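Visitor: There's a structure below that I have some questions on.
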Amino acid sequence: MKIELQREFFAQKERPFVRGEQLEADLIKFKSGIPAVRLRNRFGYIDVLPYHGQMIWDAVFNGRSLKMMTPFDEPRDVDSFLDTYGCYMMHCGALRMGCPGPDDEHLQHGELPYAKYASASVTAGEDAKGEYIGLAGVYEYNRAFGDHYYAEPEVKLYAESMVLEVSIRIENLACKPMEMMYMCHINNRAVPGGRIVQALPWTKQHMTLRDSAPKTVQVDEIYRRFLKEINENIQRTERINEEDVYDPEIVFFLNRPKTDEDGWTHFMYVRPDGSADYTCYKPDELDHCSRWIVRSKSMEALGLALPATADAEGYLAEKEKGNILTIAPKQTFQTTIRVGCLNKDDSKKVEDWINQILI
């Protein structure tokens, strides 16, 4: 089932839109005027912005918000995601992605994070994982004498799960090949007292610390000493302690994660109560991955695993490395990522799987 949305459906007051036995969709509008679709199951809800990047602004399960802490308490009507950066998940790309280098001219993380979507739909159905309700949309990029593509993301919330299925399909509509970069940027909160569990050894061969800084942040000698300390003991970042200050940020490039028999790799941030934030993807679809940690007075964020087609160092640097994909005319790229949270029992099961994968 697919129900096309219209902007006039959204009012300041929350209103029911789809009702099922286990799944619901409500339409809301933030005080800033940004429309959102609230998808619910018995565990909680997610707020998705249908016309602004198809961002997942928030994900709340068992009474806990999964998203990062920032000064932005709601999405704003702006052009850049940096002026409203408080979301749980955003799509990055598709022509350019990453932090622009000194000679790059593209926006940070490209045009997709807060792209203006002309159409969006509430979806519902049943697949191998069970009954779901979702949100999908179509964004068209069309530049005279340039590239022309469709981006078609969808997020599914299942009746009996706190793990979302996020997918995107990017189709080259032009008659010439199109360069493409993509990242799924998931922003959890870097709460102290937890630990990272990953299907990846804690070695320099598998975790490369970025020693450069993007244009958007200022660094000093204290920060550089902190980077040196971490680089000498990468496993120091396995746990985030109360006294740890990651300011402005640290970034790891995660290399060659292990996979299960179905080709999925798994990452968790296990919280003090045993529950976990969770990210899962297929490295044969997204063969690069980054980790982003920020802890300051104004922001707490843990990009536990940000699967991508390239590292996040900007177009020119990634082109030099050979990390830019090319989509042939009328061909498509597509991928699926699973993100969300796990209860204590499921967290323990996934940790056991990860330990088996690492053997």
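Simple scheme: letters A, B, ... for chains in structure tokens order, numbers from 1 for residues in each chain, numbers from 1 for ligands in the order shown.
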I need the residues of stretch 205-294 of chain A that end up classed as alpha helix (DSSP H) by DSSP on the backbone, written out as a VMD selection string.
Guide: chain A and resid 221 to 232
Visitor: For A:Glu313, work out the shell of residues within 8 Å, counting only C-alpha atoms and skipping chain neighbours fewer than 5 positions away, then give it as number ranges by chain.
Guide: A: 98-101, 318
Visitor: May I have a table of the residues of stretch 150-221 of chain A lying at most 9 Å from stretch 81-94 of chain A, giving each one's closest pair of atoms and their distance in Å to one decimal, counting only C-alpha atoms, ordered by chain and ascending residue number, as a tab-separated table?
Guide:
```
residue	atom	partner	partner_atom	distance
A:Ala151	CA	A:Ala94	CA	8.2
A:Pro153	CA	A:His91	CA	8.5
A:Ile168	CA	A:His91	CA	8.5
A:Ile170	CA	A:Ala94	CA	8.0
A:Glu179	CA	A:Ala94	CA	8.4
A:Met180	CA	A:Ala94	CA	5.4
A:Met181	CA	A:Ala94	CA	5.1
A:Tyr182	CA	A:Gly93	CA	4.6
A:Met183	CA	A:Cys92	CA	4.9
A:Cys184	CA	A:His91	CA	5.1
A:His185	CA	A:Met90	CA	5.3
A:Ile186	CA	A:Met89	CA	4.4
A:Asn187	CA	A:Tyr88	CA	4.9
A:Asn188	CA	A:Tyr88	CA	6.5
```
Visitor: Could you write out that same residue set with N, CA and C atoms as a PDB file, in the first residue's frame?
Guide:
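File written: again.pdb
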```pdb
ATOM      1  N   ALA A 151      16.674  10.149  -6.476  1.00  0.00           N
ATOM      2  CA  ALA A 151      16.983   9.465  -5.217  1.00  0.00           C
ATOM      3  C   ALA A 151      15.659   9.045  -4.598  1.00  0.00           C
ATOM      4  N   PRO A 153      14.540   7.133  -1.326  1.00  0.00           N
ATOM      5  CA  PRO A 153      14.741   6.437  -0.044  1.00  0.00           C
ATOM      6  C   PRO A 153      13.427   5.883   0.505  1.00  0.00           C
ATOM      7  N   ILE A 168      17.853   3.015   0.062  1.00  0.00           N
ATOM      8  CA  ILE A 168      17.837   4.095  -0.925  1.00  0.00           C
ATOM      9  C   ILE A 168      18.199   3.526  -2.285  1.00  0.00           C
ATOM     10  N   ILE A 170      19.256   5.026  -6.124  1.00  0.00           N
ATOM     11  CA  ILE A 170      19.682   6.205  -6.882  1.00  0.00           C
ATOM     12  C   ILE A 170      19.803   5.806  -8.345  1.00  0.00           C
ATOM     13  N   GLU A 179      29.110  10.230 -11.739  1.00  0.00           N
ATOM     14  CA  GLU A 179      29.896   9.931 -10.548  1.00  0.00           C
ATOM     15  C   GLU A 179      28.980   9.990  -9.332  1.00  0.00           C
ATOM     16  N   MET A 180      29.212   9.086  -8.368  1.00  0.00           N
ATOM     17  CA  MET A 180      28.317   9.002  -7.219  1.00  0.00           C
ATOM     18  C   MET A 180      29.083   8.697  -5.949  1.00  0.00           C
ATOM     19  N   MET A 181      28.646   9.323  -4.847  1.00  0.00           N
ATOM     20  CA  MET A 181      29.148   9.032  -3.507  1.00  0.00           C
ATOM     21  C   MET A 181      27.928   8.951  -2.591  1.00  0.00           C
ATOM     22  N   TYR A 182      27.980   8.052  -1.606  1.00  0.00           N
ATOM     23  CA  TYR A 182      26.844   7.918  -0.683  1.00  0.00           C
ATOM     24  C   TYR A 182      27.324   7.522   0.708  1.00  0.00           C
ATOM     25  N   MET A 183      26.661   8.075   1.720  1.00  0.00           N
ATOM     26  CA  MET A 183      26.872   7.667   3.112  1.00  0.00           C
ATOM     27  C   MET A 183      25.538   7.698   3.850  1.00  0.00           C
ATOM     28  N   CYS A 184      25.314   6.715   4.715  1.00  0.00           N
ATOM     29  CA  CYS A 184      24.182   6.732   5.645  1.00  0.00           C
ATOM     30  C   CYS A 184      24.718   7.215   6.992  1.00  0.00           C
ATOM     31  N   HIS A 185      24.301   8.407   7.401  1.00  0.00           N
ATOM     32  CA  HIS A 185      24.868   9.092   8.572  1.00  0.00           C
ATOM     33  C   HIS A 185      23.916   8.909   9.757  1.00  0.00           C
ATOM     34  N   ILE A 186      24.256   7.978  10.667  1.00  0.00           N
ATOM     35  CA  ILE A 186      23.416   7.664  11.834  1.00  0.00           C
ATOM     36  C   ILE A 186      24.055   8.292  13.066  1.00  0.00           C
ATOM     37  N   ASN A 187      23.274   9.088  13.793  1.00  0.00           N
ATOM     38  CA  ASN A 187      23.806   9.877  14.902  1.00  0.00           C
ATOM     39  C   ASN A 187      23.173   9.476  16.234  1.00  0.00           C
ATOM     40  N   ASN A 188      23.828   8.580  16.953  1.00  0.00           N
ATOM     41  CA  ASN A 188      23.409   8.254  18.312  1.00  0.00           C
ATOM     42  C   ASN A 188      24.005   9.244  19.296  1.00  0.00           C
TER      43      ASN A 188
END
```
Visitor: Within 12 Å of A:Asp352, counting only C-alpha atoms, which residues show up once you throw out same-chain ones fewer than 3 positions away? Write them as a VMD selection string, please.
Guide: chain A and resid 197 to 199 260 266 268 345 to 349 355 to 359
Visitor: Could those selected residues go to a file with N, CA and C atoms, as an mmCIF file, in the first residue's frame?
Guide:
```cif
data_model
loop_
_atom_site.group_PDB
_atom_site.id
_atom_site.type_symbol
_atom_site.label_atom_id
_atom_site.label_comp_id
_atom_site.auth_asym_id
_atom_site.auth_seq_id
_atom_site.Cartn_x
_atom_site.Cartn_y
_atom_site.Cartn_z
ATOM 1 N N VAL A 197 30.851 -2.560 20.753
ATOM 2 C CA VAL A 197 31.061 -3.954 20.343
ATOM 3 C C VAL A 197 30.980 -3.977 18.827
ATOM 4 N N GLN A 198 31.997 -4.521 18.165
ATOM 5 C CA GLN A 198 32.063 -4.429 16.715
ATOM 6 C C GLN A 198 32.633 -5.694 16.090
ATOM 7 N N ALA A 199 32.184 -5.957 14.878
ATOM 8 C CA ALA A 199 32.712 -7.089 14.108
ATOM 9 C C ALA A 199 33.966 -6.636 13.371
ATOM 10 N N ASP A 260 28.688 -11.854 8.851
ATOM 11 C CA ASP A 260 28.069 -13.137 9.155
ATOM 12 C C ASP A 260 27.830 -13.902 7.857
ATOM 13 N N HIS A 266 28.024 -6.105 11.955
ATOM 14 C CA HIS A 266 27.233 -5.618 13.082
ATOM 15 C C HIS A 266 28.073 -4.722 13.998
ATOM 16 N N MET A 268 27.496 -2.318 17.735
ATOM 17 C CA MET A 268 26.615 -1.941 18.840
ATOM 18 C C MET A 268 27.329 -0.991 19.786
ATOM 19 N N ASP A 345 18.362 -8.593 26.162
ATOM 20 C CA ASP A 345 18.513 -9.979 25.707
ATOM 21 C C ASP A 345 19.020 -10.040 24.267
ATOM 22 N N ASP A 346 18.427 -9.231 23.388
ATOM 23 C CA ASP A 346 18.857 -9.235 21.988
ATOM 24 C C ASP A 346 20.278 -8.694 21.842
ATOM 25 N N SER A 347 20.615 -7.717 22.668
ATOM 26 C CA SER A 347 21.981 -7.183 22.651
ATOM 27 C C SER A 347 22.998 -8.278 22.970
ATOM 28 N N LYS A 348 22.682 -9.093 23.957
ATOM 29 C CA LYS A 348 23.581 -10.195 24.333
ATOM 30 C C LYS A 348 23.712 -11.198 23.190
ATOM 31 N N LYS A 349 22.606 -11.492 22.500
ATOM 32 C CA LYS A 349 22.651 -12.431 21.380
ATOM 33 C C LYS A 349 23.533 -11.903 20.256
ATOM 34 N N ASN A 355 31.144 -12.068 18.485
ATOM 35 C CA ASN A 355 32.302 -12.803 18.986
ATOM 36 C C ASN A 355 32.599 -14.032 18.152
ATOM 37 N N GLN A 356 31.551 -14.675 17.650
ATOM 38 C CA GLN A 356 31.755 -15.822 16.759
ATOM 39 C C GLN A 356 32.341 -15.391 15.422
ATOM 40 N N ILE A 357 31.876 -14.257 14.913
ATOM 41 C CA ILE A 357 32.372 -13.745 13.638
ATOM 42 C C ILE A 357 33.865 -13.429 13.732
ATOM 43 N N LEU A 358 34.282 -12.911 14.895
ATOM 44 C CA LEU A 358 35.660 -12.480 15.058
ATOM 45 C C LEU A 358 36.644 -13.620 15.255
ATOM 46 N N ILE A 359 36.141 -14.819 15.549
ATOM 47 C CA ILE A 359 37.039 -15.969 15.768
ATOM 48 C C ILE A 359 37.778 -16.337 14.474
#
```
Visitor: Kindly indicate which residue among A:Lys116, A:Lys204, A:Lys321, A:Arg338 lies nearest to A:Val138, using only C-alpha atoms for the distances.
Guide: A:Lys116
Visitor: Please provide as a list in words all residues within 8 Å of A:Gly134, with the sequence filter that same-chain residues fewer than 6 positions apart are discarded (counting only C-alpha atoms).
Guide: Leu39, Val122, Thr123, Ala124, Glu154, Val155, Lys156 and Leu157 of chain A
Visitor: Okay, now the selection with N, CA and C atoms, as a short mmCIF file (atom, residue, chain, number, x, y, z; two decimals), in the first residue's frame?
Guide:
```
data_model
loop_
_atom_site.label_atom_id
_atom_site.label_comp_id
_atom_site.auth_asym_id
_atom_site.auth_seq_id
_atom_site.Cartn_x
_atom_site.Cartn_y
_atom_site.Cartn_z
N LEU A 39 5.74 7.61 12.69
CA LEU A 39 5.40 6.20 12.52
C LEU A 39 5.53 5.51 13.87
N VAL A 122 3.32 7.57 2.46
CA VAL A 122 3.30 6.58 3.54
C VAL A 122 3.10 5.21 2.89
N THR A 123 3.92 4.24 3.27
CA THR A 123 3.84 2.90 2.72
C THR A 123 3.48 1.91 3.83
N ALA A 124 2.93 0.80 3.46
CA ALA A 124 2.60 -0.26 4.43
C ALA A 124 2.53 -1.58 3.69
N GLU A 154 13.55 4.93 1.43
CA GLU A 154 12.40 4.44 2.18
C GLU A 154 12.89 3.96 3.54
N VAL A 155 12.10 4.23 4.57
CA VAL A 155 12.36 3.68 5.89
C VAL A 155 11.15 2.87 6.30
N LYS A 156 11.40 1.68 6.87
CA LYS A 156 10.33 0.80 7.32
C LYS A 156 10.44 0.59 8.83
N LEU A 157 9.32 0.76 9.52
CA LEU A 157 9.19 0.43 10.94
C LEU A 157 8.34 -0.82 11.05
#
```
Visitor: Please, which residues in stretch 118-181 of chain A fall within 8 Å of stretch 9-26 of chain A when counting only C-alpha atoms, and what is the closest atom pair and distance in Å to one decimal for each, ordered by chain then residue number, as a Markdown table?
Guide:
```
| residue | atom | partner | partner_atom | distance |
| --- | --- | --- | --- | --- |
| A:Val122 | CA | A:Ala25 | CA | 7.9 |
| A:Tyr132 | CA | A:Leu23 | CA | 7.2 |
| A:Ile133 | CA | A:Leu23 | CA | 6.5 |
| A:Tyr158 | CA | A:Leu23 | CA | 7.9 |
| A:Ala159 | CA | A:Gln22 | CA | 5.9 |
```
Visitor: I need the chosen residues saved as a PDB file, in the first residue's frame, with C-alpha atoms.
Guide:
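The resulting part_18.pdb:
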```pdb
ATOM      1  CA  VAL A 122       3.304   6.579   3.536  1.00  0.00           C
ATOM      2  CA  TYR A 132       5.657  -2.679   8.472  1.00  0.00           C
ATOM      3  CA  ILE A 133       4.684   0.928   7.987  1.00  0.00           C
ATOM      4  CA  TYR A 158       8.202  -3.146  11.755  1.00  0.00           C
ATOM      5  CA  ALA A 159       5.455  -4.163  14.166  1.00  0.00           C
TER       6      ALA A 159
END
```
Visitor: Among stretch 15-113 of chain A, which residues carry a DSSP assignment of strand (DSSP E or B), reported as a PDB file with C-alpha atoms, in the first residue's frame?
Guide:
```pdb
ATOM      1  CA  ARG A  15      -3.539  14.196  13.417  1.00  0.00           C
ATOM      2  CA  PRO A  16      -4.091  10.482  12.711  1.00  0.00           C
ATOM      3  CA  PHE A  17      -3.413   9.372   9.136  1.00  0.00           C
ATOM      4  CA  VAL A  18      -3.131   5.554   9.010  1.00  0.00           C
ATOM      5  CA  ARG A  19      -4.367   3.135  11.674  1.00  0.00           C
ATOM      6  CA  GLU A  24       0.151   3.771  12.975  1.00  0.00           C
ATOM      7  CA  ALA A  25       1.124   6.923  11.097  1.00  0.00           C
ATOM      8  CA  ASP A  26       0.343  10.422  12.361  1.00  0.00           C
ATOM      9  CA  LEU A  27       0.987  13.741  10.636  1.00  0.00           C
ATOM     10  CA  ILE A  28       2.616  16.505  12.656  1.00  0.00           C
ATOM     11  CA  LYS A  29       4.147  19.907  12.038  1.00  0.00           C
ATOM     12  CA  PRO A  35       6.150  18.701   8.329  1.00  0.00           C
ATOM     13  CA  ALA A  36       6.882  15.260   9.772  1.00  0.00           C
ATOM     14  CA  VAL A  37       5.328  11.809   9.697  1.00  0.00           C
ATOM     15  CA  ARG A  38       5.327   9.978  13.022  1.00  0.00           C
ATOM     16  CA  LEU A  39       5.401   6.204  12.522  1.00  0.00           C
ATOM     17  CA  ARG A  40       4.475   4.144  15.605  1.00  0.00           C
ATOM     18  CA  ASN A  41       4.615   0.586  16.864  1.00  0.00           C
ATOM     19  CA  GLY A  44       7.753   3.739  20.285  1.00  0.00           C
ATOM     20  CA  TYR A  45       7.968   5.923  17.205  1.00  0.00           C
ATOM     21  CA  ILE A  46      10.140   7.650  14.632  1.00  0.00           C
ATOM     22  CA  ASP A  47       9.688  11.149  13.168  1.00  0.00           C
ATOM     23  CA  VAL A  48      10.581  11.372   9.477  1.00  0.00           C
ATOM     24  CA  HIS A  52      13.388  17.744   3.943  1.00  0.00           C
ATOM     25  CA  ILE A  56      14.765  10.585  10.460  1.00  0.00           C
ATOM     26  CA  TRP A  57      14.691  13.458  12.923  1.00  0.00           C
ATOM     27  CA  ASP A  58      14.130  11.322  16.008  1.00  0.00           C
ATOM     28  CA  ALA A  59      13.703   7.685  16.997  1.00  0.00           C
ATOM     29  CA  VAL A  60      12.164   7.045  20.430  1.00  0.00           C
ATOM     30  CA  PHE A  61      11.833   3.487  21.759  1.00  0.00           C
ATOM     31  CA  ARG A  64      14.400   6.794  25.109  1.00  0.00           C
ATOM     32  CA  SER A  65      15.437   9.047  22.229  1.00  0.00           C
ATOM     33  CA  LYS A  67      19.450  10.607  18.541  1.00  0.00           C
ATOM     34  CA  MET A  69      22.230  15.813  21.636  1.00  0.00           C
ATOM     35  CA  MET A  89      19.744   9.687  10.473  1.00  0.00           C
ATOM     36  CA  MET A  90      20.378  11.452   7.180  1.00  0.00           C
ATOM     37  CA  HIS A  91      21.280  10.397   3.656  1.00  0.00           C
ATOM     38  CA  CYS A  92      24.506  11.930   2.290  1.00  0.00           C
ATOM     39  CA  GLY A  93      25.590  12.317  -1.334  1.00  0.00           C
ATOM     40  CA  ALA A  94      24.786  11.666  -4.065  1.00  0.00           C
ATOM     41  CA  GLY A 110      26.447  16.885  -0.606  1.00  0.00           C
TER      42      GLY A 110
END
```
Visitor: A:Cys175: which residues within 10 Å, counting only C-alpha atoms, same-chain residues fewer than 2 positions away excluded, as a PyMOL selection string?
Guide: chain A and resi 147-148+172-173+177-178+328-330
Visitor: Fewer than 4 positions away in the same chain doesn't count, so skip those; otherwise give me all residues within 7 Å of A:Met162, counting only C-alpha atoms, as a PDB file with C-alpha atoms, in the first residue's frame.
Guide:
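The file below, selection-v7.pdb, is the result:
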```pdb
ATOM      1  CA  PHE A  43       7.763   0.093  21.326  1.00  0.00           C
ATOM      2  CA  PHE A  61      11.833   3.487  21.759  1.00  0.00           C
ATOM      3  CA  GLY A 340      17.837   1.181  15.795  1.00  0.00           C
ATOM      4  CA  CYS A 341      18.165  -0.324  19.253  1.00  0.00           C
ATOM      5  CA  LEU A 342      18.112  -3.721  20.961  1.00  0.00           C
TER       6      LEU A 342
END
```
Visitor: Go through A:Gly125, A:Gly137, A:Pro75, A:Gly303 and flag the residue nearest A:Ile250, using only C-alpha atoms for the distances.
Guide: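 Closest residue, counting only C-alpha atoms: A:Gly303.
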